[in-house]
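Asks: First, the structure itself, so that you have it in front of you.
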Amino acid sequence: MSRIQVEGLTKRFGEVAAVDRVSLDISHGDFLVLLGPSGCGKSTLLRMIAGLIEPSGGRVLLDGRDVTFAPPRERDMAMVFQSYALYPHLTVERNIGFPLRSRRRPRAEIRQKVREVAALLDLAELLDRRPRELSGGQRQRVAVGRALVRDPGAFLMDEPLSNLDAKLRTATRGQLRALHHTLGSTIVYVTHDQVEAMTMATRVALLNAGRLEQVGTPTDVYDEPASVFVAGFLGSPAMNLLPARIESRAGRVQVLAPGVELSLWTADDQPAREVTLGVRPEHLVLLPPTSASLASSPTSTSPVFRGVVETVENLGGEEVAQCAVGDARLLARGPRPLGLRPGEPVAFGVPADRVHLFDRASGRRLVWQPASGDIPRERDHVHDSAAAVAGS
Amino acid sequence: MFVELAPLAAPAEHVAVDAARPPVARRVLRALPPFLYLAPGLGCLIVWTYRPLVEAVQLSFYQWNLLPTRPKVPVGLDNYQQVVQLPELRHSLWLTVATIVFLLPFSVLLPTIISLLTRRIHGRAGGAYRALVFAPVLVPPVASAAMWMWLLDPRHGLVDRMIGNPVNWLHERGPAQLAIIGITGWHLLGFAVLVVTAGLANINDEYSAAAQLDGATRRQITRWIILPLLSPTLVLLTLMTVLLSGQLTFPLIDALTQGGPDDATTNAYYLLWEYCFKSFNAGLASAAGLAFFLAFGLVALFLVWLFEKLSFHDN
């Protein structure tokens, strides 16, 4: 069990900061997923935590002890590499036993521990094989076994599933989650796959260009993305992001753009502001094209997007429709059939609490702070906070 | 009423026609280019290696003094009998084996140590070190022989002045043998360092990263991970030492000692040359050459087998 604290960790390669002042507090038993596109610095960050790369600035604390410049051997961590890095000249048994052998444990104990781990990971039949005689999934399990064998304080995993095929990846995801549940150890997991992050993490840390964009439970980061980057990275298809303006008009806060007219709630103190409007494709509600009136109540789904259907994609269970709204493209997703045909006019509504607004320049999320007693109706947060409790 | 869905097969009346194979002439023409590319290399190999080999086998059953005007006298297995009996041949063989054994530290041990040490020096300094070690490879053997003749000059040479003890390097048995091995080793070292450095670069860094996280010390990583993965390269270098020691020492022996003093530096290859081109006994030289060829061939086969066994083709 380990608590890992990262304080202002920075890694510069020449002029470029691969990791830029990242701070994280990873508590006992956390399953923290470092998520981001390739080249965002997530692997560099993990390798600094592991001690394989020396940071240019900042600190790494392990259970309160400063290990920033300690060699990997002196940190109680085990790592699963993307390439698995199984020693090609050693059998599975010796690969798994390697961490114990290097710690000079008695031979009988090593044998015993390796058998236990092999049984747990269903590798008992393969102990005498060499890595090249194993399939991708078996290699991945050996790599996990090697990390598991000495009961480390924390596991570091660098895209361990990226070399597996889709079906095996889904199965292994479940196994890793179960493993985390049984062991209760701290896991720091690097991936660019949002599905892995959403399904396994207790907390997700999103990185972009070396900087931390948001840290939170999977529900947090999906439902309340802190920036345009997070909003655009999560979800498939990603969130619709349109340039728009907000202002108070006729006593109501309104979001306006070509083809978009969204009335949020009553308030007349909102100065005009350039924003990015975000709506997830699955939150768009298809309205009959005849409904022309703008409903005034924020609780009802008022028709706010008007446009023309361009294409409809069949995903099997669902359909995704691409529509032209003003100059922008809007994706809507729903159960099949949506009943849309290319070329037809279309109107969508959206519940006010499913609307995300971001500052146009900084890309950061805008949060409504009511000036007086006029509190807009917020979405029900009950299951959000439940997830947050489970994650902490 | 339910009706079963028809399977996805071509209707019976619709018989598929197989595509016609291109004519033989065109297929031959298409297969030709690779062989054309190989032809110059294969030609040289046949003319300069295999043909002489066959001729050596023929010559080994004759007595002939290389003069085109003199006839070749068939002598059956006489030449081979001499090869087995001649004491100087046995002596030269032992000298060859000893040379190989004493060259191995220069071609395997030292290069491994130097490469492992210079690997920790990054950037330009590391490159500079390796360039310095590699430089002797670029000196032609005869030029280096001339240089070493000055350096090893008794009394006035730099070597004797440095050790402050006049040793007649090239005209005493032991020192002459040492000198030949030392100069050959100096030549070989740079190339071997280059090969080992390339071998080390081929070993994925992830292995030692993984071993570090597995708690291994630097020495454990070198012993348990790096050296086993480097072993094919080291076997290759051993193979090179065995097969090339003759070619590498020959110009030095010829320029510095001419096989002397008292045959002390006459190794197998120099002896063959003496038999053929000094004593003009082509038959005996061929027979001895073939005997060496077979012996070294067996050693080479064993080392190649070992190389294959130690190589871990990891994907």
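By convention in this document, the chains of the structure tokens carry letters A, B, ... by their order, each chain's residues are numbered from 1, and ligands are numbered from 1 in the order they are shown.
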Please build the interface table for chain B against chain A with a cut-off of 8 Å, listing for each qualifying residue the nearest atom pair and the distance in Å to one decimal; count only C-alpha atoms, order rows by chain and increasing number, and write it as a Markdown table.

Replies:
| residue | atom | partner | partner_atom | distance |
| --- | --- | --- | --- | --- |
| B:Glu206 | CA | A:Ala85 | CA | 5.7 |
| B:Tyr207 | CA | A:Ala85 | CA | 5.4 |
| B:Ala209 | CA | A:Leu52 | CA | 6.8 |
| B:Ala210 | CA | A:Ala85 | CA | 6.5 |
| B:Ala211 | CA | A:Pro99 | CA | 7.8 |
| B:Gln212 | CA | A:Arg73 | CA | 5.8 |
| B:Leu213 | CA | A:Pro72 | CA | 5.2 |
| B:Asp214 | CA | A:Pro99 | CA | 4.5 |
| B:Gly215 | CA | A:Arg73 | CA | 4.3 |
| B:Ala216 | CA | A:Ser102 | CA | 5.0 |
| B:Thr217 | CA | A:Arg73 | CA | 7.5 |
| B:Gln220 | CA | A:Ser102 | CA | 7.2 |
| B:Ile225 | CA | A:Tyr87 | CA | 7.3 |
| B:Pro228 | CA | A:His89 | CA | 7.3 |
| B:Leu229 | CA | A:His89 | CA | 7.2 |
| B:Phe312 | CA | A:Pro88 | CA | 6.3 |
| B:His313 | CA | A:Arg132 | CA | 7.7 |
| B:Asp314 | CA | A:Arg132 | CA | 6.1 |
| B:Asn315 | CA | A:Arg132 | CA | 7.1 |

Asks: Since we have the selection now, will you write its residues out, keeping N, CA and C atoms, as a PDB file, in the first residue's frame?

Replies:
ATOM      1  N   GLU B 206      14.279  -1.382 -22.630  1.00  0.00           N
ATOM      2  CA  GLU B 206      13.165  -1.720 -21.751  1.00  0.00           C
ATOM      3  C   GLU B 206      13.533  -2.868 -20.807  1.00  0.00           C
ATOM      4  N   TYR B 207      14.415  -3.778 -21.273  1.00  0.00           N
ATOM      5  CA  TYR B 207      14.781  -4.906 -20.413  1.00  0.00           C
ATOM      6  C   TYR B 207      15.482  -4.410 -19.156  1.00  0.00           C
ATOM      7  N   ALA B 209      15.313  -1.392 -17.971  1.00  0.00           N
ATOM      8  CA  ALA B 209      14.346  -0.595 -17.208  1.00  0.00           C
ATOM      9  C   ALA B 209      13.484  -1.513 -16.349  1.00  0.00           C
ATOM     10  N   ALA B 210      12.997  -2.606 -16.975  1.00  0.00           N
ATOM     11  CA  ALA B 210      12.163  -3.556 -16.239  1.00  0.00           C
ATOM     12  C   ALA B 210      12.953  -4.178 -15.090  1.00  0.00           C
ATOM     13  N   ALA B 211      14.223  -4.523 -15.364  1.00  0.00           N
ATOM     14  CA  ALA B 211      15.037  -5.151 -14.323  1.00  0.00           C
ATOM     15  C   ALA B 211      15.284  -4.179 -13.168  1.00  0.00           C
ATOM     16  N   GLN B 212      15.459  -2.892 -13.497  1.00  0.00           N
ATOM     17  CA  GLN B 212      15.640  -1.900 -12.429  1.00  0.00           C
ATOM     18  C   GLN B 212      14.422  -1.860 -11.522  1.00  0.00           C
ATOM     19  N   LEU B 213      13.225  -1.871 -12.141  1.00  0.00           N
ATOM     20  CA  LEU B 213      12.009  -1.846 -11.329  1.00  0.00           C
ATOM     21  C   LEU B 213      11.821  -3.152 -10.579  1.00  0.00           C
ATOM     22  N   ASP B 214      12.349  -4.237 -11.152  1.00  0.00           N
ATOM     23  CA  ASP B 214      12.275  -5.520 -10.457  1.00  0.00           C
ATOM     24  C   ASP B 214      13.273  -5.584  -9.308  1.00  0.00           C
ATOM     25  N   GLY B 215      14.032  -4.508  -9.118  1.00  0.00           N
ATOM     26  CA  GLY B 215      14.897  -4.426  -7.951  1.00  0.00           C
ATOM     27  C   GLY B 215      16.316  -4.902  -8.181  1.00  0.00           C
ATOM     28  N   ALA B 216      16.716  -5.096  -9.445  1.00  0.00           N
ATOM     29  CA  ALA B 216      18.060  -5.593  -9.706  1.00  0.00           C
ATOM     30  C   ALA B 216      19.071  -4.446  -9.608  1.00  0.00           C
ATOM     31  N   THR B 217      20.261  -4.770  -9.088  1.00  0.00           N
ATOM     32  CA  THR B 217      21.331  -3.781  -9.061  1.00  0.00           C
ATOM     33  C   THR B 217      21.969  -3.727 -10.445  1.00  0.00           C
ATOM     34  N   GLN B 220      23.754  -6.907 -11.217  1.00  0.00           N
ATOM     35  CA  GLN B 220      22.827  -8.012 -11.527  1.00  0.00           C
ATOM     36  C   GLN B 220      22.271  -7.862 -12.937  1.00  0.00           C
ATOM     37  N   ILE B 225      21.009 -10.017 -17.371  1.00  0.00           N
ATOM     38  CA  ILE B 225      20.226  -9.584 -18.537  1.00  0.00           C
ATOM     39  C   ILE B 225      21.137  -9.236 -19.715  1.00  0.00           C
ATOM     40  N   PRO B 228      23.802 -12.260 -21.037  1.00  0.00           N
ATOM     41  CA  PRO B 228      23.162 -13.349 -21.788  1.00  0.00           C
ATOM     42  C   PRO B 228      22.616 -12.886 -23.135  1.00  0.00           C
ATOM     43  N   LEU B 229      22.071 -11.656 -23.178  1.00  0.00           N
ATOM     44  CA  LEU B 229      21.520 -11.184 -24.441  1.00  0.00           C
ATOM     45  C   LEU B 229      22.628 -10.786 -25.412  1.00  0.00           C
ATOM     46  N   PHE B 312      18.207 -15.059 -29.263  1.00  0.00           N
ATOM     47  CA  PHE B 312      16.795 -15.034 -28.896  1.00  0.00           C
ATOM     48  C   PHE B 312      16.107 -14.042 -29.799  1.00  0.00           C
ATOM     49  N   HIS B 313      15.502 -14.596 -30.850  1.00  0.00           N
ATOM     50  CA  HIS B 313      14.800 -13.694 -31.749  1.00  0.00           C
ATOM     51  C   HIS B 313      13.509 -13.296 -31.073  1.00  0.00           C
ATOM     52  N   ASP B 314      13.508 -12.100 -30.520  1.00  0.00           N
ATOM     53  CA  ASP B 314      12.336 -11.650 -29.771  1.00  0.00           C
ATOM     54  C   ASP B 314      11.528 -10.726 -30.656  1.00  0.00           C
ATOM     55  N   ASN B 315      10.223 -10.973 -30.698  1.00  0.00           N
ATOM     56  CA  ASN B 315       9.431 -10.046 -31.510  1.00  0.00           C
ATOM     57  C   ASN B 315       8.577  -9.183 -30.600  1.00  0.00           C
TER      58      ASN B 315
END

Asks: List every residue of range 165-334 of chain A that DSSP, applied to the backbone of this structure, assigns to strand (DSSP E), and report them as a PyMOL selection string.

Replies: chain A and resi 186-191+203-208+211-216+240-249+252-257+260-266+273-279+285-287+303-314+318-325+328-334

Asks: Could you take the residues named above and write them with C-alpha atoms, as a PDB file, in the first residue's frame?

Replies:
ATOM      1  CA  THR A 186      -2.492   1.602  -5.606  1.00  0.00           C
ATOM      2  CA  ILE A 187      -2.413   1.456  -9.387  1.00  0.00           C
ATOM      3  CA  VAL A 188      -1.243   4.181 -11.751  1.00  0.00           C
ATOM      4  CA  TYR A 189      -2.304   3.277 -15.245  1.00  0.00           C
ATOM      5  CA  VAL A 190      -1.384   5.067 -18.459  1.00  0.00           C
ATOM      6  CA  THR A 191      -3.634   4.822 -21.491  1.00  0.00           C
ATOM      7  CA  ARG A 203      -9.976   8.509 -10.680  1.00  0.00           C
ATOM      8  CA  VAL A 204      -8.956   9.836 -14.071  1.00  0.00           C
ATOM      9  CA  ALA A 205      -6.246  12.441 -14.670  1.00  0.00           C
ATOM     10  CA  LEU A 206      -6.424  14.008 -18.105  1.00  0.00           C
ATOM     11  CA  LEU A 207      -3.208  15.330 -19.593  1.00  0.00           C
ATOM     12  CA  ASN A 208      -2.809  17.598 -22.573  1.00  0.00           C
ATOM     13  CA  ARG A 211      -0.336  19.771 -18.419  1.00  0.00           C
ATOM     14  CA  LEU A 212      -2.983  18.373 -16.148  1.00  0.00           C
ATOM     15  CA  GLU A 213      -6.418  19.364 -17.472  1.00  0.00           C
ATOM     16  CA  GLN A 214      -8.655  17.696 -14.911  1.00  0.00           C
ATOM     17  CA  VAL A 215      -8.596  15.081 -12.180  1.00  0.00           C
ATOM     18  CA  GLY A 216     -11.782  13.388 -11.040  1.00  0.00           C
ATOM     19  CA  ASN A 240     -20.382  18.735 -30.115  1.00  0.00           C
ATOM     20  CA  LEU A 241     -18.490  22.000 -29.631  1.00  0.00           C
ATOM     21  CA  LEU A 242     -19.834  25.115 -31.342  1.00  0.00           C
ATOM     22  CA  PRO A 243     -18.761  28.747 -31.133  1.00  0.00           C
ATOM     23  CA  ALA A 244     -21.582  30.771 -29.562  1.00  0.00           C
ATOM     24  CA  ARG A 245     -22.429  33.872 -27.509  1.00  0.00           C
ATOM     25  CA  ILE A 246     -24.161  34.100 -24.182  1.00  0.00           C
ATOM     26  CA  GLU A 247     -26.010  37.149 -22.964  1.00  0.00           C
ATOM     27  CA  SER A 248     -29.044  38.146 -20.975  1.00  0.00           C
ATOM     28  CA  ARG A 249     -31.938  38.889 -23.245  1.00  0.00           C
ATOM     29  CA  ARG A 252     -33.165  35.253 -19.510  1.00  0.00           C
ATOM     30  CA  VAL A 253     -29.695  33.908 -20.096  1.00  0.00           C
ATOM     31  CA  GLN A 254     -29.515  32.869 -23.707  1.00  0.00           C
ATOM     32  CA  VAL A 255     -26.959  31.031 -25.827  1.00  0.00           C
ATOM     33  CA  LEU A 256     -26.967  32.163 -29.438  1.00  0.00           C
ATOM     34  CA  ALA A 257     -25.297  31.040 -32.621  1.00  0.00           C
ATOM     35  CA  VAL A 260     -28.845  27.832 -32.269  1.00  0.00           C
ATOM     36  CA  GLU A 261     -31.109  29.574 -29.808  1.00  0.00           C
ATOM     37  CA  LEU A 262     -30.966  28.240 -26.307  1.00  0.00           C
ATOM     38  CA  SER A 263     -32.747  29.811 -23.395  1.00  0.00           C
ATOM     39  CA  LEU A 264     -31.229  28.755 -20.097  1.00  0.00           C
ATOM     40  CA  TRP A 265     -32.710  30.383 -17.044  1.00  0.00           C
ATOM     41  CA  THR A 266     -33.968  33.683 -15.668  1.00  0.00           C
ATOM     42  CA  ARG A 273     -19.505  36.770 -23.708  1.00  0.00           C
ATOM     43  CA  GLU A 274     -17.930  34.656 -26.439  1.00  0.00           C
ATOM     44  CA  VAL A 275     -18.187  31.007 -25.479  1.00  0.00           C
ATOM     45  CA  THR A 276     -17.861  27.480 -26.808  1.00  0.00           C
ATOM     46  CA  LEU A 277     -21.118  25.606 -26.462  1.00  0.00           C
ATOM     47  CA  GLY A 278     -20.852  21.880 -25.770  1.00  0.00           C
ATOM     48  CA  VAL A 279     -23.571  19.239 -26.002  1.00  0.00           C
ATOM     49  CA  VAL A 285     -33.487  15.262 -28.138  1.00  0.00           C
ATOM     50  CA  LEU A 286     -35.107  14.999 -31.532  1.00  0.00           C
ATOM     51  CA  LEU A 287     -38.144  17.230 -31.869  1.00  0.00           C
ATOM     52  CA  PRO A 303     -36.019  23.337 -29.690  1.00  0.00           C
ATOM     53  CA  VAL A 304     -32.649  25.026 -29.798  1.00  0.00           C
ATOM     54  CA  PHE A 305     -30.754  23.558 -32.760  1.00  0.00           C
ATOM     55  CA  ARG A 306     -32.195  23.868 -36.236  1.00  0.00           C
ATOM     56  CA  GLY A 307     -30.481  22.472 -39.250  1.00  0.00           C
ATOM     57  CA  VAL A 308     -30.448  19.987 -42.091  1.00  0.00           C
ATOM     58  CA  VAL A 309     -29.542  16.296 -41.874  1.00  0.00           C
ATOM     59  CA  GLU A 310     -26.436  15.474 -43.925  1.00  0.00           C
ATOM     60  CA  THR A 311     -25.679  11.809 -43.251  1.00  0.00           C
ATOM     61  CA  VAL A 312     -26.950   9.048 -41.000  1.00  0.00           C
ATOM     62  CA  GLU A 313     -24.525   6.354 -39.764  1.00  0.00           C
ATOM     63  CA  ASN A 314     -25.793   2.970 -38.670  1.00  0.00           C
ATOM     64  CA  GLU A 318     -27.801   3.123 -32.528  1.00  0.00           C
ATOM     65  CA  GLU A 319     -27.629   5.719 -35.242  1.00  0.00           C
ATOM     66  CA  VAL A 320     -25.485   8.848 -35.483  1.00  0.00           C
ATOM     67  CA  ALA A 321     -26.828  11.682 -37.568  1.00  0.00           C
ATOM     68  CA  GLN A 322     -24.597  14.472 -38.817  1.00  0.00           C
ATOM     69  CA  CYS A 323     -26.458  17.723 -39.299  1.00  0.00           C
ATOM     70  CA  ALA A 324     -25.485  21.136 -40.597  1.00  0.00           C
ATOM     71  CA  VAL A 325     -26.409  23.801 -38.068  1.00  0.00           C
ATOM     72  CA  ALA A 328     -21.129  24.080 -37.800  1.00  0.00           C
ATOM     73  CA  ARG A 329     -21.642  20.318 -37.804  1.00  0.00           C
ATOM     74  CA  LEU A 330     -23.712  18.715 -35.097  1.00  0.00           C
ATOM     75  CA  LEU A 331     -23.730  14.994 -34.306  1.00  0.00           C
ATOM     76  CA  ALA A 332     -26.773  13.423 -32.688  1.00  0.00           C
ATOM     77  CA  ARG A 333     -26.859   9.902 -31.386  1.00  0.00           C
ATOM     78  CA  GLY A 334     -29.843   7.810 -30.437  1.00  0.00           C
TER      79      GLY A 334
END

Asks: Could you work out how far CA of Asn202 in chain B lies from CA of Arg219 in chain B, giving the answer in Å with one decimal?

Replies: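 Result for CA of Arg219 in chain B versus CA of Asn202 in chain B: 19.4 Å, one decimal.
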
Asks: If you count only C-alpha atoms, which residues fall within 10 Å of Leu272 in chain B, apart from same-chain ones fewer than 4 positions away, as an mmCIF file with C-alpha atoms, in the first residue's frame?

Replies:
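Result went into selection_17.cif, see below:
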data_model
loop_
_atom_site.group_PDB
_atom_site.id
_atom_site.type_symbol
_atom_site.label_atom_id
_atom_site.label_comp_id
_atom_site.auth_asym_id
_atom_site.auth_seq_id
_atom_site.Cartn_x
_atom_site.Cartn_y
_atom_site.Cartn_z
ATOM 1 C CA LEU B 89 53.297 -28.758 -38.833
ATOM 2 C CA SER B 92 52.680 -24.467 -36.141
ATOM 3 C CA THR B 266 55.578 -19.628 -37.893
ATOM 4 C CA ASN B 267 51.900 -20.354 -37.492
ATOM 5 C CA ALA B 268 49.885 -22.679 -39.693
ATOM 6 C CA CYS B 276 54.098 -23.537 -51.359
ATOM 7 C CA PHE B 277 55.968 -20.374 -52.307
ATOM 8 C CA LYS B 278 59.358 -20.864 -50.626
ATOM 9 C CA SER B 279 59.863 -24.629 -50.835
ATOM 10 C CA ASN B 281 56.000 -27.999 -52.646
ATOM 11 C CA ALA B 282 52.469 -27.314 -53.901
ATOM 12 C CA LEU B 284 52.198 -30.818 -49.491
ATOM 13 C CA ALA B 285 50.925 -27.234 -49.015
ATOM 14 C CA SER B 286 47.537 -28.205 -50.490
ATOM 15 C CA ALA B 287 47.231 -31.281 -48.311
ATOM 16 C CA ALA B 288 48.155 -29.320 -45.162
ATOM 17 C CA GLY B 289 45.800 -26.514 -46.242
ATOM 18 C CA PHE B 292 43.519 -27.019 -41.597
#

Asks: Which residues come within 9 Å of range 98-109 of chain B, counting only C-alpha atoms, excluding same-chain residues fewer than 4 positions away, as JSON, numbers by chain?

Replies: {"B": [93, 94, 113, 114, 177, 180, 181, 182, 184, 185, 186, 188, 189, 190, 191, 192, 193, 196, 234, 235, 237, 238, 240, 241, 242, 245, 246, 267]}

Asks: At what distance in Å, to one decimal, does CA of Phe307 in chain B lie from CA of Phe35 in chain B?

Replies: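 Interatomic distance here is 28.9 Å.
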
Asks: Mind checking which residues fall within 12 Å of Val159 in chain B, counting only C-alpha atoms, ignoring those fewer than 5 positions away in the same chain, and posting them as an MDAnalysis selection string?

Replies: chainID B and resid 147:154 164:169 179

Asks: Quick one: of B:Leu230, B:Leu66, B:Ala264, B:Leu138, who's nearest to Gly283 in chain B, counting only C-alpha atoms?

Replies: B:Leu66

Asks: Need the shell around Ile183 in chain B: protein/DNA/RNA residues with any atom at most 9 Å away, counting only C-alpha atoms. Skip same-chain ones fewer than 6 positions apart. Format as number ranges by chain?

Replies: B: 144-145, 148, 249, 252

Asks: Limited to N, CA and C atoms, could you put the picked residues into a file as a PDB file, in the first residue's frame?

Replies:
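Saved the output as out-v4.pdb:
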ATOM      1  N   SER B 144      51.290  -0.479 -40.183  1.00  0.00           N
ATOM      2  CA  SER B 144      51.421  -0.608 -38.727  1.00  0.00           C
ATOM      3  C   SER B 144      52.649  -1.455 -38.391  1.00  0.00           C
ATOM      4  N   ALA B 145      52.967  -2.442 -39.240  1.00  0.00           N
ATOM      5  CA  ALA B 145      54.164  -3.256 -39.001  1.00  0.00           C
ATOM      6  C   ALA B 145      55.407  -2.373 -39.028  1.00  0.00           C
ATOM      7  N   TRP B 148      55.484  -0.299 -35.896  1.00  0.00           N
ATOM      8  CA  TRP B 148      55.837  -1.078 -34.703  1.00  0.00           C
ATOM      9  C   TRP B 148      57.301  -1.518 -34.731  1.00  0.00           C
ATOM     10  N   THR B 249      47.315 -11.998 -38.703  1.00  0.00           N
ATOM     11  CA  THR B 249      48.713 -12.067 -38.258  1.00  0.00           C
ATOM     12  C   THR B 249      49.674 -12.172 -39.436  1.00  0.00           C
ATOM     13  N   LEU B 252      51.808  -9.181 -40.545  1.00  0.00           N
ATOM     14  CA  LEU B 252      52.716  -8.762 -39.473  1.00  0.00           C
ATOM     15  C   LEU B 252      53.900  -9.713 -39.381  1.00  0.00           C
TER      16      LEU B 252
END

Asks: To test your reading of the structure, identify every residue in range 148-254 of chain A that backbone DSSP assigns to helix (DSSP H, G or I), and report it as a PyMOL selection string.

Replies: chain A and resi 148+166-183+194-200+218-223+228-233

Asks: Next, the residues of the selection above should be written as a CSV table (one decimal), in the first residue's frame with N, CA and C atoms.

Replies:
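Output saved as result_26.csv:
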chain,number,residue,atom,x,y,z
A,148,LEU,N,3.3,-8.7,-9.9
A,148,LEU,CA,2.5,-9.2,-8.7
A,148,LEU,C,3.3,-9.9,-7.7
A,166,ALA,N,-9.2,-6.7,-29.6
A,166,ALA,CA,-10.3,-6.0,-28.9
A,166,ALA,C,-11.0,-6.9,-27.9
A,167,LYS,N,-11.3,-8.2,-28.3
A,167,LYS,CA,-12.0,-9.1,-27.4
A,167,LYS,C,-11.2,-9.3,-26.1
A,168,LEU,N,-9.9,-9.6,-26.3
A,168,LEU,CA,-9.1,-9.9,-25.2
A,168,LEU,C,-8.9,-8.7,-24.3
A,169,ARG,N,-8.9,-7.5,-24.9
A,169,ARG,CA,-8.8,-6.3,-24.1
A,169,ARG,C,-10.0,-6.2,-23.2
A,170,THR,N,-11.2,-6.4,-23.7
A,170,THR,CA,-12.4,-6.3,-22.8
A,170,THR,C,-12.3,-7.3,-21.7
A,171,ALA,N,-11.9,-8.5,-22.0
A,171,ALA,CA,-11.8,-9.5,-20.9
A,171,ALA,C,-10.7,-9.2,-19.9
A,172,THR,N,-9.5,-8.7,-20.4
A,172,THR,CA,-8.5,-8.4,-19.5
A,172,THR,C,-8.8,-7.1,-18.6
A,173,ARG,N,-9.6,-6.2,-19.2
A,173,ARG,CA,-10.0,-5.1,-18.4
A,173,ARG,C,-10.8,-5.5,-17.1
A,174,GLY,N,-11.7,-6.5,-17.3
A,174,GLY,CA,-12.4,-7.0,-16.2
A,174,GLY,C,-11.5,-7.7,-15.2
A,175,GLN,N,-10.5,-8.4,-15.7
A,175,GLN,CA,-9.5,-9.1,-14.8
A,175,GLN,C,-8.7,-8.1,-14.0
A,176,LEU,N,-8.3,-7.0,-14.6
A,176,LEU,CA,-7.5,-6.1,-13.9
A,176,LEU,C,-8.3,-5.4,-12.8
A,177,ARG,N,-9.6,-5.1,-13.2
A,177,ARG,CA,-10.5,-4.5,-12.2
A,177,ARG,C,-10.6,-5.4,-11.0
A,178,ALA,N,-10.8,-6.7,-11.3
A,178,ALA,CA,-11.0,-7.7,-10.2
A,178,ALA,C,-9.7,-7.8,-9.3
A,179,LEU,N,-8.6,-7.7,-10.0
A,179,LEU,CA,-7.3,-7.8,-9.3
A,179,LEU,C,-7.1,-6.6,-8.4
A,180,HIS,N,-7.5,-5.4,-8.9
A,180,HIS,CA,-7.4,-4.2,-8.1
A,180,HIS,C,-8.3,-4.4,-6.8
A,181,HIS,N,-9.5,-5.0,-7.1
A,181,HIS,CA,-10.4,-5.1,-6.0
A,181,HIS,C,-9.9,-6.1,-4.9
A,182,THR,N,-9.3,-7.2,-5.4
A,182,THR,CA,-8.7,-8.2,-4.4
A,182,THR,C,-7.5,-7.7,-3.7
A,183,LEU,N,-6.6,-7.0,-4.4
A,183,LEU,CA,-5.3,-6.6,-3.8
A,183,LEU,C,-5.5,-5.3,-3.0
A,194,GLN,N,-10.0,5.9,-23.8
A,194,GLN,CA,-11.0,6.4,-22.9
A,194,GLN,C,-11.9,5.4,-22.3
A,195,VAL,N,-12.1,4.3,-23.0
A,195,VAL,CA,-12.9,3.2,-22.5
A,195,VAL,C,-12.3,2.6,-21.3
A,196,GLU,N,-10.9,2.3,-21.4
A,196,GLU,CA,-10.2,1.7,-20.3
A,196,GLU,C,-10.3,2.7,-19.1
A,197,ALA,N,-10.1,4.0,-19.3
A,197,ALA,CA,-10.2,4.9,-18.2
A,197,ALA,C,-11.5,4.9,-17.6
A,198,MET,N,-12.6,5.0,-18.4
A,198,MET,CA,-13.9,5.1,-17.8
A,198,MET,C,-14.3,3.8,-17.1
A,199,THR,N,-13.9,2.6,-17.6
A,199,THR,CA,-14.3,1.4,-16.9
A,199,THR,C,-13.5,0.9,-15.8
A,200,MET,N,-12.2,1.3,-15.7
A,200,MET,CA,-11.4,0.8,-14.6
A,200,MET,C,-11.0,1.7,-13.5
A,218,PRO,N,-14.4,9.0,-13.1
A,218,PRO,CA,-14.9,8.9,-14.5
A,218,PRO,C,-16.2,9.7,-14.7
A,219,THR,N,-17.1,9.7,-13.8
A,219,THR,CA,-18.3,10.4,-13.9
A,219,THR,C,-18.1,11.9,-13.9
A,220,ASP,N,-17.3,12.4,-13.0
A,220,ASP,CA,-16.9,13.8,-13.0
A,220,ASP,C,-16.4,14.3,-14.4
A,221,VAL,N,-15.4,13.6,-14.8
A,221,VAL,CA,-14.8,14.1,-16.1
A,221,VAL,C,-15.7,14.0,-17.3
A,222,TYR,N,-16.6,13.0,-17.2
A,222,TYR,CA,-17.5,12.9,-18.4
A,222,TYR,C,-18.6,13.9,-18.3
A,223,ASP,N,-19.2,14.0,-17.1
A,223,ASP,CA,-20.4,14.9,-17.0
A,223,ASP,C,-20.0,16.3,-16.8
A,228,VAL,N,-12.5,22.5,-22.6
A,228,VAL,CA,-12.8,22.1,-24.0
A,228,VAL,C,-12.1,20.9,-24.4
A,229,PHE,N,-10.8,20.8,-24.0
A,229,PHE,CA,-10.0,19.6,-24.3
A,229,PHE,C,-10.6,18.3,-23.8
A,230,VAL,N,-11.0,18.4,-22.5
A,230,VAL,CA,-11.5,17.2,-21.8
A,230,VAL,C,-12.9,16.8,-22.5
A,231,ALA,N,-13.7,17.9,-22.8
A,231,ALA,CA,-15.0,17.7,-23.4
A,231,ALA,C,-14.8,17.0,-24.7
A,232,GLY,N,-13.8,17.4,-25.5
A,232,GLY,CA,-13.6,16.9,-26.8
A,232,GLY,C,-12.9,15.6,-26.8
A,233,PHE,N,-12.2,15.2,-25.7
A,233,PHE,CA,-11.5,14.0,-25.7
A,233,PHE,C,-12.4,12.8,-25.3
